[in-house]
Amino acid sequence: MAGCYQGLQARIRSKAPNAIWTHCIIHREALAAGILSEELHNILKIVTKVIHFIKTRPMKARFFAKLCEDMGAEHSWLLFYSSSRWLSLGNSLLRVYELRNEMYSYLHDDEHCFADKFIDADFLIHMAFLSDLFEKLNTLNKSLQGNNTNILQLSDKVSGFKKKVILWKGSVRKADYKCFPSLDKFLQDNEMALKEELRTVFVLYLSQLHFYLQKYFPEDEVEPIKWVRDPFNTEIPQHFNKEEAEQLIDISSDSTLKVQFQSLSLLEFWCQTQDEYPVISKIALRVLIPFATSYLCEAGFSAVAVIKSNIGQKFTLKKKCVLRSQK
């Protein structure tokens, strides 16, 4: 639908050749993280089925909550999981893992086919690893949300996460699981060593995660625009023409601007230089102004839906409407 040859992107650019097209960074992160091996995907499917088995039946949900209270559990409710990138898979997995004893008791009494999974060491190890990893991904997801973001800021966060994945992979290879606290605690509490085949599964997934993060966030994506972040300590990009290069040199040599740069945001700084250096400022603003994610749009629709539901009015996001947000 948004294809660059015949889809929406191509149609818009046929009318507005200078239009800028960006792929939501949060969506790209979700795509990279969502590609699981069959073994790990099966673990996730079982957890999801069990959550929906309990949560979609009000009486069972109340019985489960009472059981958790009687057993002194920290939580008494499960969290729904949705494939939407705006909801937290990490929180759902972690909640199920923390309630694994209560889950077993409840499912065993109900004679559920997945009851024995919650006393199976291999299954619990898989779930501990996934809950830790997706909690890390959830933290990254949250850091990519919010106001006043730009592609340079968010690309830095993803770049840092890619380096962490390499660190985690190396640690797992060396049988050091401190980066995965739930997994590490489970192994220590049960005085177990991780099986070699399970370690291989985890290392392969971390390698795969890094590969897809590299695919969706290539290193050279922000390389041509790094000068926007710091115009005072950068080389002149090779693709600049003479006028652009001269204006960037003038800015980098201006001591007054360098002092101001320390106290202003990137957007404020480049807006301030528009009058004196219009050509280079325009290029910088074309990098900074576009939304790096669709977070604000999604948050706006969510807020409107909540408001409408709270006042009891029928509302559908499919209806044609104009939303205005102001602070």
# chains A, B, ... in the order shown; residues from 1 in each chain; ligands from 1
$ residues_around --residues "Leu204 (chain A)" --least-positions-apart "5" --cutoff "10 Å" --atoms "only C-alpha atoms" --output "ChimeraX atom specification"
/A:37,169,198-199,209-210
$ residues_around --residues "region 154-157 of chain A" --least-positions-apart "6" --cutoff "9 Å" --atoms "only C-alpha atoms" --output "PyMOL selection string"
chain A and resi 25+140+143-144+217+221-222+292
$ write_last_selection --atoms "N, CA and C atoms" --output "CSV table (one decimal), in the first residue's frame"
chain,number,residue,atom,x,y,z
A,25,ILE,N,10.1,4.2,13.4
A,25,ILE,CA,11.2,3.5,14.0
A,25,ILE,C,10.7,2.4,15.0
A,140,LEU,N,13.3,-0.5,25.4
A,140,LEU,CA,13.7,0.2,24.2
A,140,LEU,C,12.5,0.8,23.6
A,143,SER,N,11.5,3.9,25.3
A,143,SER,CA,12.5,5.0,25.1
A,143,SER,C,12.3,5.7,23.7
A,144,LEU,N,11.7,5.0,22.8
A,144,LEU,CA,11.5,5.5,21.4
A,144,LEU,C,10.2,6.3,21.3
A,217,PHE,N,17.7,-1.2,10.6
A,217,PHE,CA,18.4,0.0,11.0
A,217,PHE,C,19.9,0.0,10.5
A,221,GLU,N,22.4,4.6,7.4
A,221,GLU,CA,21.2,5.3,7.3
A,221,GLU,C,21.4,6.8,7.8
A,222,VAL,N,22.0,6.9,8.9
A,222,VAL,CA,22.2,8.3,9.5
A,222,VAL,C,23.6,8.9,9.2
A,292,ALA,N,9.7,10.8,13.6
A,292,ALA,CA,10.5,9.6,13.4
A,292,ALA,C,9.7,8.4,13.7
$ atom_distance --atom1 "CA of Phe180 (chain A)" --atom2 "CA of Phe202 (chain A)"
11.3 Å
$ residues_around --residues "Met103 (chain A)" --least-positions-apart "2" --cutoff "9 Å" --atoms "only C-alpha atoms" --output "JSON, numbers by chain"
{"A": [50, 64, 68, 96, 97, 99, 100, 101, 105, 106, 107, 108, 115, 118]}
$ residues_around --residues "Arg286 (chain A)" --least-positions-apart "4" --cutoff "12 Å" --atoms "only C-alpha atoms" --output "ChimeraX atom specification"
/A:18-22,150-151,225,228,267,270-271,279-282,290-292
$ select_by_dssp --residues "region 56-292 of chain A" --states "alpha helix (DSSP H)" --output "ChimeraX atom specification"
/A:58-70,89-98,100-109,121-143,151-173,181-189,196-216,226-229,242-252,255-263,266-272,278-288
